[in-house]
$ cat data_26.tsv   # TSV, C-alpha atoms and all ligand atoms
chain	number	residue	atom	x	y	z
A	1390	MET	CA	121.11	100.27	96.45
A	1391	ALA	CA	117.75	101.76	97.37
A	1392	GLU	CA	117.32	105.47	96.76
A	1393	GLU	CA	117.72	107.79	99.72
A	1394	LEU	CA	114.41	108.84	101.27
A	1395	ILE	CA	114.43	112.17	103.14
A	1396	ILE	CA	111.26	113.84	104.49
A	1397	ALA	CA	111.46	117.18	106.33
A	1398	GLY	CA	115.22	116.73	106.66
A	1399	GLN	CA	114.99	113.26	108.20
A	1400	THR	CA	116.40	110.23	106.47
A	1401	ILE	CA	114.39	107.02	106.54
A	1402	ALA	CA	116.52	103.96	105.91
A	1403	PRO	CA	115.26	100.66	104.44
A	1404	GLY	CA	113.57	98.61	107.16
A	1405	GLN	CA	112.79	101.69	109.27
A	1406	ASN	CA	109.40	102.82	110.55
A	1407	LYS	CA	109.36	106.47	111.56
A	1408	VAL	CA	106.90	109.28	112.27
A	1409	VAL	CA	108.21	112.54	110.83
A	1410	ASP	CA	106.64	115.82	111.96
A	1411	VAL	CA	106.59	118.13	108.95
A	1412	PRO	CA	106.57	121.69	110.37
A	1413	LEU	CA	103.63	123.91	109.36
A	1414	PRO	CA	102.98	127.65	109.87
A	1415	ASP	CA	102.17	128.32	113.56
A	1416	LEU	CA	98.68	128.92	114.91
A	1417	TYR	CA	98.15	132.62	115.60
A	1418	MET	CA	98.48	132.17	119.34
A	1419	HIS	CA	102.07	131.09	118.76
A	1420	THR	CA	101.39	127.36	119.11
A	1421	SER	CA	103.62	125.47	116.74
A	1422	LEU	CA	102.02	122.98	114.41
A	1423	SER	CA	103.14	120.02	112.35
A	1424	MET	CA	101.76	117.44	109.95
A	1425	PRO	CA	102.68	113.95	111.17
A	1426	VAL	CA	103.79	111.66	108.36
A	1427	GLN	CA	104.40	107.99	109.11
A	1428	VAL	CA	106.94	106.31	106.87
A	1429	MET	CA	107.16	102.52	106.82
A	1430	ARG	CA	110.00	101.45	104.63
A	1431	GLY	CA	110.43	97.81	103.69
A	1432	ARG	CA	113.86	96.25	103.46
A	1433	ARG	CA	113.26	95.45	99.85
A	1434	ASP	CA	112.86	98.08	97.15
A	1435	GLY	CA	109.44	98.63	95.59
A	1436	PRO	CA	106.74	101.22	94.93
A	1437	VAL	CA	106.35	104.22	97.25
A	1438	LEU	CA	102.67	104.65	98.05
A	1439	PHE	CA	101.15	107.59	99.92
A	1440	VAL	CA	97.79	107.27	101.65
A	1441	SER	CA	96.32	110.62	102.71
A	1442	GLY	CA	93.35	111.48	104.91
A	1443	ALA	CA	91.49	114.66	105.88
A	1444	VAL	CA	92.56	116.83	102.95
A	1445	HIS	CA	89.12	118.14	103.83
A	1446	GLY	CA	89.56	118.67	107.56
A	1447	ASP	CA	86.22	117.20	108.67
A	1448	GLU	CA	86.45	113.99	106.60
A	1449	ILE	CA	87.71	111.78	109.39
A	1450	VAL	CA	86.90	108.29	108.09
A	1451	GLY	CA	90.31	108.27	106.38
A	1452	VAL	CA	92.02	109.04	109.69
A	1453	GLU	CA	90.66	105.81	111.18
A	1454	ILE	CA	91.40	103.85	108.00
A	1455	ILE	CA	95.04	104.91	108.28
A	1456	ARG	CA	95.20	104.12	112.01
A	1457	ARG	CA	94.05	100.56	111.31
A	1458	LEU	CA	96.19	100.25	108.20
A	1459	VAL	CA	99.50	101.06	109.90
A	1460	ARG	CA	98.70	98.59	112.72
A	1461	SER	CA	97.78	95.80	110.33
A	1462	LYS	CA	99.80	92.61	110.62
A	1463	ARG	CA	99.37	92.23	106.89
A	1464	LEU	CA	102.07	94.85	106.29
A	1465	LYS	CA	104.71	92.33	107.38
A	1466	GLY	CA	107.19	91.72	104.60
A	1467	LEU	CA	106.39	95.08	103.01
A	1468	LYS	CA	108.20	95.68	99.75
A	1469	GLY	CA	108.76	99.36	98.99
A	1470	THR	CA	107.47	102.17	101.18
A	1471	LEU	CA	104.13	103.14	102.69
A	1472	ILE	CA	103.81	106.84	103.56
A	1473	THR	CA	100.65	107.68	105.51
A	1474	ILE	CA	99.36	111.14	106.32
A	1475	PRO	CA	96.22	110.71	108.44
A	1476	VAL	CA	95.55	114.46	108.61
A	1477	VAL	CA	96.72	116.64	105.73
A	1478	ASN	CA	94.55	119.67	106.50
A	1479	VAL	CA	95.60	119.99	110.14
A	1480	TYR	CA	93.99	123.45	110.47
A	1481	GLY	CA	90.58	122.24	109.26
A	1482	PHE	CA	90.83	119.12	111.41
A	1483	ILE	CA	91.39	121.18	114.58
A	1484	ASN	CA	88.38	123.34	113.72
A	1485	GLN	CA	86.27	120.34	112.56
A	1486	THR	CA	85.73	121.96	109.20
A	1487	ARG	CA	86.36	121.11	105.56
A	1488	TYR	CA	88.24	124.35	104.92
A	1489	LEU	CA	91.35	126.16	106.03
A	1490	PRO	CA	91.19	129.21	108.32
A	1491	ASP	CA	91.40	131.40	105.18
A	1492	ARG	CA	88.17	129.68	104.00
A	1493	ARG	CA	89.93	128.05	101.09
A	1494	ASP	CA	89.34	124.47	100.01
A	1495	LEU	CA	92.75	122.79	100.10
A	1496	ASN	CA	91.64	120.40	97.37
A	1497	ARG	CA	91.33	123.33	94.94
A	1498	CYS	CA	94.76	124.79	95.77
A	1499	PHE	CA	97.16	122.11	94.51
A	1500	PRO	CA	99.98	122.12	93.52
A	1501	GLY	CA	100.22	125.37	95.52
A	1502	SER	CA	103.23	127.63	95.90
A	1503	GLU	CA	105.79	128.60	98.50
A	1504	GLU	CA	104.76	132.27	98.58
A	1505	GLY	CA	100.99	131.87	98.11
A	1506	SER	CA	98.04	131.71	100.52
A	1507	LEU	CA	98.08	129.46	103.59
A	1508	ALA	CA	96.27	126.80	101.53
A	1509	ALA	CA	98.75	127.17	98.66
A	1510	ARG	CA	101.68	126.80	101.06
A	1511	LEU	CA	100.22	123.68	102.68
A	1512	ALA	CA	99.53	122.20	99.23
A	1513	ASN	CA	103.07	123.01	98.11
A	1514	LEU	CA	104.55	121.45	101.24
A	1515	PHE	CA	102.53	118.28	100.70
A	1516	MET	CA	103.67	118.08	97.07
A	1517	SER	CA	107.36	118.58	97.89
A	1518	GLU	CA	107.59	116.50	101.08
A	1519	VAL	CA	105.23	113.67	100.11
A	1520	VAL	CA	104.03	113.44	96.51
A	1521	HIS	CA	107.42	114.04	94.89
A	1522	LYS	CA	108.84	111.11	96.87
A	1523	CYS	CA	106.06	108.74	95.79
A	1524	THR	CA	105.22	106.55	92.82
A	1525	HIS	CA	101.49	106.04	93.61
A	1526	GLY	CA	98.80	107.49	95.91
A	1527	VAL	CA	95.41	106.88	97.50
A	1528	ASP	CA	93.50	109.92	98.78
A	1529	LEU	CA	90.75	109.17	101.32
A	1530	HIS	CA	87.58	111.28	101.42
A	1531	THR	CA	83.97	111.20	102.61
A	1532	ALA	CA	80.87	113.06	101.52
A	1533	ALA	CA	80.58	116.66	102.70
A	1534	ILE	CA	78.84	117.42	105.99
A	1535	HIS	CA	75.20	116.18	106.23
A	1536	ARG	CA	75.68	113.85	103.27
A	1537	ASP	CA	76.63	110.22	102.96
A	1538	ASN	CA	78.46	108.35	100.20
A	1539	LEU	CA	78.29	104.69	99.27
A	1540	PRO	CA	81.90	103.41	99.29
A	1541	GLN	CA	83.20	104.27	95.83
A	1542	ILE	CA	86.38	104.97	93.93
A	1543	ARG	CA	86.80	108.10	91.82
A	1544	ALA	CA	89.48	107.87	89.24
A	1545	ALA	CA	90.39	108.87	85.69
A	1546	LEU	CA	90.35	105.47	84.04
A	1547	ASP	CA	92.09	106.58	80.85
A	1548	ASN	CA	95.36	105.94	82.71
A	1549	PRO	CA	95.91	102.15	82.81
A	1550	VAL	CA	97.81	102.21	86.14
A	1551	VAL	CA	95.01	104.27	87.72
A	1552	GLU	CA	92.46	101.83	86.33
A	1553	GLU	CA	94.33	98.86	87.76
A	1554	MET	CA	94.50	100.53	91.20
A	1555	ALA	CA	90.83	101.54	91.04
A	1556	ARG	CA	89.67	98.02	90.18
A	1557	SER	CA	91.86	96.28	92.72
A	1558	PHE	CA	90.45	98.42	95.59
A	1559	ASN	CA	87.26	96.34	95.38
A	1560	ALA	CA	84.77	99.08	96.22
A	1561	PRO	CA	81.39	98.17	94.71
A	1562	VAL	CA	81.33	101.22	92.45
A	1563	ILE	CA	83.86	103.16	90.40
A	1564	LEU	CA	83.06	106.63	89.09
A	1565	ASN	CA	85.20	107.45	86.10
A	1566	SER	CA	85.59	111.09	86.97
A	1567	GLY	CA	87.55	113.87	85.33
A	1568	LEU	CA	90.26	115.78	87.14
A	1569	ILE	CA	89.25	118.99	88.86
A	1570	GLU	CA	91.76	121.81	88.48
A	1571	GLY	CA	93.51	122.39	91.79
A	1572	SER	CA	92.73	118.98	93.25
A	1573	LEU	CA	95.45	116.76	94.69
A	1574	ARG	CA	94.53	114.15	92.10
A	1575	HIS	CA	95.08	116.65	89.27
A	1576	ALA	CA	98.40	117.87	90.67
A	1577	CYS	CA	99.61	114.27	91.03
A	1578	GLN	CA	98.70	113.49	87.46
A	1579	GLN	CA	100.78	116.50	86.32
A	1580	VAL	CA	103.84	114.91	87.95
A	1581	ASN	CA	102.96	111.38	86.78
A	1582	VAL	CA	101.96	109.94	90.15
A	1583	PRO	CA	98.82	107.84	89.60
A	1584	VAL	CA	96.24	108.50	92.33
A	1585	ILE	CA	92.79	107.17	93.12
A	1586	VAL	CA	90.26	108.75	95.49
A	1587	TYR	CA	88.22	106.62	97.89
A	1588	GLU	CA	84.94	108.28	98.91
A	1589	ALA	CA	82.88	106.65	101.65
A	1590	GLY	CA	80.67	107.69	104.53
A	1591	GLU	CA	80.08	111.17	105.84
A	1592	ALA	CA	82.01	114.04	107.40
A	1593	LEU	CA	82.55	114.12	111.20
A	1594	ARG	CA	81.21	110.57	111.63
A	1595	PHE	CA	82.69	107.10	111.69
A	1596	ASN	CA	81.12	104.39	109.60
A	1597	GLU	CA	82.44	100.90	110.31
A	1598	LEU	CA	81.65	99.55	106.87
A	1599	ALA	CA	83.32	102.49	105.09
A	1600	ILE	CA	86.36	102.10	107.35
A	1601	ARG	CA	86.68	98.34	106.83
A	1602	ALA	CA	86.23	98.62	103.09
A	1603	GLY	CA	88.89	101.35	103.08
A	1604	VAL	CA	91.51	99.35	105.01
A	1605	ARG	CA	90.86	96.28	102.92
A	1606	GLY	CA	90.93	98.34	99.72
A	1607	VAL	CA	94.30	99.95	100.41
A	1608	LEU	CA	95.80	96.55	101.29
A	1609	ALA	CA	94.40	95.13	98.04
A	1610	VAL	CA	95.95	97.99	96.05
A	1611	MET	CA	99.28	97.31	97.78
A	1612	ARG	CA	99.06	93.65	96.79
A	1613	LYS	CA	98.28	94.63	93.23
A	1614	LEU	CA	101.33	96.92	93.15
A	1615	GLY	CA	103.52	94.08	94.45
A	1616	MET	CA	104.15	95.74	97.84
A	1617	LEU	CA	102.57	92.84	99.74
A	1618	ALA	CA	102.41	89.15	99.05
A	1619	GLU	CA	99.15	87.78	97.67
A	1620	SER	CA	96.66	87.04	100.42
A	1621	ARG	CA	96.65	83.39	101.48
A	1622	THR	CA	93.23	83.73	103.03
A	1623	LYS	CA	90.80	83.28	100.20
A	1624	HIS	CA	87.66	83.50	102.30
A	1625	VAL	CA	87.00	87.06	101.17
A	1626	LYS	CA	85.05	87.05	97.96
A	1627	PRO	CA	86.36	89.86	95.77
A	1628	VAL	CA	83.69	92.29	94.62
A	1629	ASP	CA	83.68	92.90	90.91
A	1630	PRO	CA	83.42	96.67	90.77
A	1631	PHE	CA	81.06	98.33	88.35
A	1632	VAL	CA	82.11	101.43	86.45
A	1633	ALA	CA	79.44	104.11	86.22
A	1634	ARG	CA	78.85	105.67	82.82
A	1635	SER	CA	77.87	108.99	84.36
A	1636	SER	CA	76.02	110.38	87.36
A	1637	SER	CA	73.39	113.02	88.15
A	1638	TRP	CA	72.06	114.87	91.19
A	1639	VAL	CA	68.40	114.90	92.12
A	1640	ARG	CA	67.60	118.29	93.67
A	1641	ALA	CA	64.88	119.50	96.03
A	1642	PRO	CA	61.88	120.68	93.99
A	1643	GLN	CA	60.91	123.05	96.83
A	1644	SER	CA	62.04	123.98	100.33
A	1645	GLY	CA	60.62	122.04	103.25
A	1646	ILE	CA	60.87	118.92	105.37
A	1647	PHE	CA	62.21	115.99	103.37
A	1648	ARG	CA	61.22	112.34	103.87
A	1649	MET	CA	63.61	109.94	102.20
A	1650	LEU	CA	62.04	106.73	100.88
A	1651	VAL	CA	64.93	104.81	99.30
A	1652	PRO	CA	68.10	103.52	100.97
A	1653	MET	CA	71.69	103.94	99.94
A	1654	GLY	CA	72.72	101.52	97.20
A	1655	ALA	CA	69.14	101.08	95.95
A	1656	GLN	CA	68.44	100.55	92.30
A	1657	VAL	CA	66.00	103.16	90.98
A	1658	THR	CA	64.18	103.66	87.69
A	1659	LYS	CA	63.55	107.02	86.05
A	1660	GLY	CA	60.27	108.39	87.42
A	1661	ASP	CA	60.43	106.49	90.73
A	1662	ILE	CA	59.39	108.43	93.83
A	1663	LEU	CA	62.49	108.80	96.00
A	1664	GLY	CA	60.96	110.93	98.72
A	1665	MET	CA	58.59	113.75	99.61
A	1666	VAL	CA	59.15	117.38	100.54
A	1667	ALA	CA	56.42	119.07	102.58
A	1668	ALA	CA	55.78	122.14	104.67
A	1669	PRO	CA	56.24	121.61	108.42
A	1670	TYR	CA	52.46	121.76	109.00
A	1671	GLY	CA	50.02	119.18	107.68
A	1672	ASP	CA	48.94	120.82	104.43
A	1673	GLU	CA	48.78	117.99	101.88
A	1674	LYS	CA	48.73	120.40	98.97
A	1675	SER	CA	52.16	121.62	99.97
A	1676	GLU	CA	53.63	118.15	99.48
A	1677	THR	CA	55.87	117.56	96.46
A	1678	LYS	CA	57.31	114.30	95.18
A	1679	VAL	CA	61.03	113.90	94.63
A	1680	VAL	CA	61.35	111.92	91.42
A	1681	ALA	CA	64.32	110.01	89.97
A	1682	ILE	CA	65.50	111.96	86.92
A	1683	CYS	CA	67.32	108.91	85.58
A	1684	SER	CA	67.67	105.18	86.19
A	1685	GLY	CA	70.63	103.94	88.20
A	1686	VAL	CA	71.91	103.27	91.70
A	1687	ILE	CA	71.89	105.66	94.68
A	1688	ILE	CA	75.57	106.30	95.51
A	1689	GLY	CA	75.12	109.40	97.67
A	1690	ARG	CA	72.36	111.14	99.56
A	1691	THR	CA	71.66	113.87	102.03
A	1692	ASN	CA	71.03	112.88	105.63
A	1693	ILE	CA	69.50	116.10	106.90
A	1694	PRO	CA	65.76	116.23	106.35
A	1695	LEU	CA	65.62	120.05	106.24
A	1696	VAL	CA	66.07	121.15	102.65
A	1697	ASN	CA	66.08	124.29	100.56
A	1698	GLU	CA	64.88	124.32	96.98
A	1699	GLY	CA	67.68	123.26	94.64
A	1700	GLU	CA	69.71	121.38	97.25
A	1701	ALA	CA	71.19	118.06	96.17
A	1702	LEU	CA	69.22	115.18	97.72
A	1703	PHE	CA	70.42	112.09	95.85
A	1704	HIS	CA	73.40	111.21	93.71
A	1705	ILE	CA	72.43	108.60	91.11
A	1706	ALA	CA	75.06	106.77	89.08
A	1707	ARG	CA	74.11	105.30	85.71
A	1708	PHE	CA	75.25	101.80	84.83
A	1709	ASN	CA	74.68	99.43	81.96
A	1710	ARG	CA	73.41	96.77	84.39
A	1711	PRO	CA	71.99	98.62	87.43
A	1712	ASP	CA	70.33	95.45	88.79
A	1713	GLU	CA	73.70	93.71	89.00
A	1714	VAL	CA	75.22	96.72	90.73
A	1715	ALA	CA	72.49	96.74	93.37
A	1716	ASP	CA	73.10	93.00	93.97
A	1717	SER	CA	76.81	93.59	94.24
A	1718	VAL	CA	76.27	96.39	96.79
A	1719	GLU	CA	74.23	93.98	98.86
A	1720	ALA	CA	76.94	91.31	98.65
A	1721	PHE	CA	79.50	93.94	99.61
A	1722	ASN	CA	77.50	94.94	102.70
A	1723	THR	CA	77.15	91.31	103.76
A	1724	ASN	CA	80.86	90.64	103.18
A	1725	LEU	CA	81.85	93.47	105.47
A	1726	ASP	CA	79.26	92.97	108.17
A	1727	PRO	CA	81.29	93.07	111.41
A	1728	SER	CA	79.21	90.29	112.99
A	1729	THR	CA	80.17	87.76	110.29
A	1730	ASP	CA	83.41	89.16	108.86
A	1731	THR	CA	86.35	87.52	110.59
A	1732	SER	CA	89.08	88.86	108.33
A	1733	ALA	CA	90.14	91.65	110.72
A	1734	PRO	CA	90.09	89.95	114.16
A	1735	GLU	CA	92.50	92.48	115.70
A	1736	GLU	CA	89.95	95.30	115.51
A	1737	ARG	CA	86.77	95.66	117.50
A	1738	PRO	CA	84.14	97.26	115.29
A	1739	ILE	CA	82.87	100.76	115.98
A	1740	ILE	CA	79.16	100.39	116.60
A	1801	ZN	ZN	86.64	115.44	100.49

$ encode --input "data_26.tsv" --output "structure tokens"
Amino acid sequence: MAEELIIAGQTIAPGQNKVVDVPLPDLYMHTSLSMPVQVMRGRRDGPVLFVSGAVHGDEIVGVEIIRRLVRSKRLKGLKGTLITIPVVNVYGFINQTRYLPDRRDLNRCFPGSEEGSLAARLANLFMSEVVHKCTHGVDLHTAAIHRDNLPQIRAALDNPVVEEMARSFNAPVILNSGLIEGSLRHACQQVNVPVIVYEAGEALRFNELAIRAGVRGVLAVMRKLGMLAESRTKHVKPVDPFVARSSSWVRAPQSGIFRMLVPMGAQVTKGDILGMVAAPYGDEKSETKVVAICSGVIIGRTNIPLVNEGEALFHIARFNRPDEVADSVEAFNTNLDPSTDTSAPEERPII
């Protein structure tokens, strides 16, 4: 007999697919609010996986990943349960901002508490209604506003289940990253629910490649966990992900107008010129080079050319074989190119 699954007072039976509205504190103009949670329960018992989006309210790539995921025909024959929460930070999402109306970062407020701040209450609700019912999780993020991330997994690889999930996602890069106090990932680890974070694209924008890689990645994790049958279509070459040893930020040496000279995913060598920062008028003496402080691969960068001294411009990850990583990023981009990729025929690409 499968265990009973109840979310916000509603029972979801094996074989059922249901959207449950988890009630949240009202908006101040008395509008009631809820967090929609879609529960797809297979007839057969298996892992219970949550997939969450927009914990940071403006990181909307995950919302589209989840929309495509729940419509995917590949979920047929699901074993276990898929619980998707496209928008966790409903307040931030409405306001198109990362934060909650109390200016807190939800991803620093987990596990939260019933009597705490608005953020703490939302975190607590998510833990009790979602995380505590789950065996595994994938949390979907993007870079912060005006920045872009190469599709990457962030995970604490000292946990073998986490490592297995991270590798099976097939993002080109894995950052073995520690757990930040107050993050959802940290709170999940405390209650023994292995979670990986997928970071791809930028806030308030859609990026077709980041979305496709996300949908495909979650499905691959589900196959690895035994929730879906192995894919019969072998035309997709799996990417062998590379694990970064560490990463560093290259910061603006001065304030000014920034010209970026290397693309995302590029391999760089310590001392390479990555860009120039100059005054808005044509004084050549005011121009300063932005230099790579280490060798590696660009996994994140700013996309606003107006910079203040000290602002993070590039995120460089260090690898043992950076040349191979750069090749693999290229292969990954080609694999997911909407004009040649026929693995998701039901979706028209966002251009
Ligand atoms: Zn985020």

$ residues_near_ligand --input "data_26.tsv" --ligand "ligand ZN 1801 (chain A)" --cutoff "12 Å" --atoms "all atoms listed in the file" --output "number ranges by chain"
A: 1441-1451, 1477-1478, 1481, 1486-1488, 1494-1497, 1528-1534, 1536-1538, 1543, 1572-1574, 1586-1593

$ residues_around --input "data_26.tsv" --residues "Thr1677 of chain A" --least-positions-apart "6" --cutoff "12 Å" --atoms "all atoms listed in the file" --output "list in words"
Ala1641, Pro1642, Gln1643, Ser1644, Gly1645, Ile1646, Phe1647, Arg1648, Ile1662, Leu1663, Gly1664, Met1665, Val1666, Ala1667, Ala1668 and Glu1698 of chain A

$ closest_residue --input "data_26.tsv" --among "A:Ala1545, A:Val1527, A:Val1520, A:Val1440" --to "Ala1633 of chain A" --atoms "only C-alpha atoms"
A:Ala1545

$ residues_around --input "data_26.tsv" --residues "Leu1614 of chain A" --least-positions-apart "6" --cutoff "10 Å" --atoms "all atoms listed in the file" --output "ChimeraX atom specification"
/A:1435-1438,1468-1469,1525,1550,1553-1554,1557,1608

$ write_last_selection --input "data_26.tsv" --atoms "C-alpha atoms" --output "CSV table (one decimal), in the frame of the given file"
chain,number,residue,atom,x,y,z
A,1435,GLY,CA,109.4,98.6,95.6
A,1436,PRO,CA,106.7,101.2,94.9
A,1437,VAL,CA,106.4,104.2,97.2
A,1438,LEU,CA,102.7,104.6,98.0
A,1468,LYS,CA,108.2,95.7,99.8
A,1469,GLY,CA,108.8,99.4,99.0
A,1525,HIS,CA,101.5,106.0,93.6
A,1550,VAL,CA,97.8,102.2,86.1
A,1553,GLU,CA,94.3,98.9,87.8
A,1554,MET,CA,94.5,100.5,91.2
A,1557,SER,CA,91.9,96.3,92.7
A,1608,LEU,CA,95.8,96.6,101.3

$ atom_distance --input "data_26.tsv" --atom1 "atom CA of Gly1660 of chain A" --atom2 "atom CA of Ala1681 of chain A"
5.1 Å

$ atom_distance --input "data_26.tsv" --atom1 "atom CA of Thr1420 of chain A" --atom2 "atom CA of Arg1456 of chain A"
25.1 Å

$ residues_around --input "data_26.tsv" --residues "Glu1619 of chain A" --least-positions-apart "3" --cutoff "12 Å" --atoms "only C-alpha atoms" --output "ChimeraX atom specification"
/A:1463-1464,1466-1467,1608-1616,1622-1623

$ closest_residue --input "data_26.tsv" --among "A:Ala1560, A:Val1686, A:Met1429, A:Val1476" --to "Gln1405 of chain A" --atoms "only C-alpha atoms"
A:Met1429

$ residues_around --input "data_26.tsv" --residues "Glu1552 of chain A" --least-positions-apart "3" --cutoff "12 Å" --atoms "only C-alpha atoms" --output "short mmCIF file (atom, residue, chain, number, x, y, z; two decimals) with C-alpha atoms, in the coordinates of the input"
data_model
loop_
_atom_site.label_atom_id
_atom_site.label_comp_id
_atom_site.auth_asym_id
_atom_site.auth_seq_id
_atom_site.Cartn_x
_atom_site.Cartn_y
_atom_site.Cartn_z
CA ILE A 1542 86.38 104.97 93.93
CA ARG A 1543 86.80 108.10 91.82
CA ALA A 1544 89.48 107.87 89.24
CA ALA A 1545 90.39 108.87 85.69
CA LEU A 1546 90.35 105.47 84.04
CA ASP A 1547 92.09 106.58 80.85
CA ASN A 1548 95.36 105.94 82.71
CA PRO A 1549 95.91 102.15 82.81
CA ALA A 1555 90.83 101.54 91.04
CA ARG A 1556 89.67 98.02 90.18
CA SER A 1557 91.86 96.28 92.72
CA PHE A 1558 90.45 98.42 95.59
CA ASN A 1559 87.26 96.34 95.38
CA ILE A 1563 83.86 103.16 90.40
CA LEU A 1564 83.06 106.63 89.09
CA ASN A 1565 85.20 107.45 86.10
CA SER A 1566 85.59 111.09 86.97
CA PRO A 1583 98.82 107.84 89.60
CA VAL A 1584 96.24 108.50 92.33
CA ILE A 1585 92.79 107.17 93.12
CA VAL A 1586 90.26 108.75 95.49
CA VAL A 1610 95.95 97.99 96.05
CA LYS A 1613 98.28 94.63 93.23
CA PRO A 1630 83.42 96.67 90.77
CA VAL A 1632 82.11 101.43 86.45
#

$ closest_residue --input "data_26.tsv" --among "A:Thr1473, A:Ser1502, A:Ile1739, A:Gly1699" --to "Phe1595 of chain A" --atoms "all atoms listed in the file"
A:Ile1739

$ build_atoms --input "data_26.tsv" --residues "segment 1398-1416 of chain A" --atoms "N, CA and C atoms" --output "mmCIF file, in the frame of the given file"
data_model
loop_
_atom_site.group_PDB
_atom_site.id
_atom_site.type_symbol
_atom_site.label_atom_id
_atom_site.label_comp_id
_atom_site.auth_asym_id
_atom_site.auth_seq_id
_atom_site.Cartn_x
_atom_site.Cartn_y
_atom_site.Cartn_z
ATOM 1 N N GLY A 1398 113.838 116.775 106.177
ATOM 2 C CA GLY A 1398 115.220 116.730 106.660
ATOM 3 C C GLY A 1398 115.606 115.441 107.354
ATOM 4 N N GLN A 1399 114.663 114.517 107.510
ATOM 5 C CA GLN A 1399 114.990 113.260 108.200
ATOM 6 C C GLN A 1399 115.111 112.117 107.207
ATOM 7 N N THR A 1400 116.180 111.366 107.366
ATOM 8 C CA THR A 1400 116.400 110.230 106.470
ATOM 9 C C THR A 1400 115.703 108.993 107.020
ATOM 10 N N ILE A 1401 115.021 108.285 106.143
ATOM 11 C CA ILE A 1401 114.390 107.020 106.540
ATOM 12 C C ILE A 1401 115.093 105.906 105.773
ATOM 13 N N ALA A 1402 115.742 105.033 106.521
ATOM 14 C CA ALA A 1402 116.520 103.960 105.910
ATOM 15 C C ALA A 1402 115.623 102.762 105.620
ATOM 16 N N PRO A 1403 116.029 101.893 104.684
ATOM 17 C CA PRO A 1403 115.260 100.660 104.440
ATOM 18 C C PRO A 1403 115.072 99.887 105.739
ATOM 19 N N GLY A 1404 113.864 99.365 105.954
ATOM 20 C CA GLY A 1404 113.570 98.610 107.160
ATOM 21 C C GLY A 1404 113.117 99.471 108.323
ATOM 22 N N GLN A 1405 113.180 100.795 108.155
ATOM 23 C CA GLN A 1405 112.790 101.690 109.270
ATOM 24 C C GLN A 1405 111.312 102.060 109.224
ATOM 25 N N ASN A 1406 110.763 102.337 110.403
ATOM 26 C CA ASN A 1406 109.400 102.820 110.550
ATOM 27 C C ASN A 1406 109.479 104.069 111.422
ATOM 28 N N LYS A 1407 109.097 105.213 110.868
ATOM 29 C CA LYS A 1407 109.360 106.470 111.560
ATOM 30 C C LYS A 1407 108.211 107.449 111.365
ATOM 31 N N VAL A 1408 107.868 108.190 112.423
ATOM 32 C CA VAL A 1408 106.900 109.280 112.270
ATOM 33 C C VAL A 1408 107.682 110.580 112.166
ATOM 34 N N VAL A 1409 107.508 111.274 111.059
ATOM 35 C CA VAL A 1409 108.210 112.540 110.830
ATOM 36 C C VAL A 1409 107.188 113.673 110.995
ATOM 37 N N ASP A 1410 107.523 114.655 111.814
ATOM 38 C CA ASP A 1410 106.640 115.820 111.960
ATOM 39 C C ASP A 1410 107.074 116.888 110.964
ATOM 40 N N VAL A 1411 106.259 117.102 109.942
ATOM 41 C CA VAL A 1411 106.590 118.130 108.950
ATOM 42 C C VAL A 1411 106.091 119.474 109.494
ATOM 43 N N PRO A 1412 106.998 120.429 109.753
ATOM 44 C CA PRO A 1412 106.570 121.690 110.370
ATOM 45 C C PRO A 1412 105.628 122.489 109.461
ATOM 46 N N LEU A 1413 104.593 123.072 110.072
ATOM 47 C CA LEU A 1413 103.630 123.910 109.360
ATOM 48 C C LEU A 1413 103.662 125.314 109.955
ATOM 49 N N PRO A 1414 103.088 126.314 109.255
ATOM 50 C CA PRO A 1414 102.980 127.650 109.870
ATOM 51 C C PRO A 1414 102.249 127.566 111.227
ATOM 52 N N ASP A 1415 102.740 128.313 112.202
ATOM 53 C CA ASP A 1415 102.170 128.320 113.560
ATOM 54 C C ASP A 1415 100.688 128.702 113.566
ATOM 55 N N LEU A 1416 100.000 128.328 114.648
ATOM 56 C CA LEU A 1416 98.680 128.920 114.910
ATOM 57 C C LEU A 1416 98.913 130.358 115.380
#
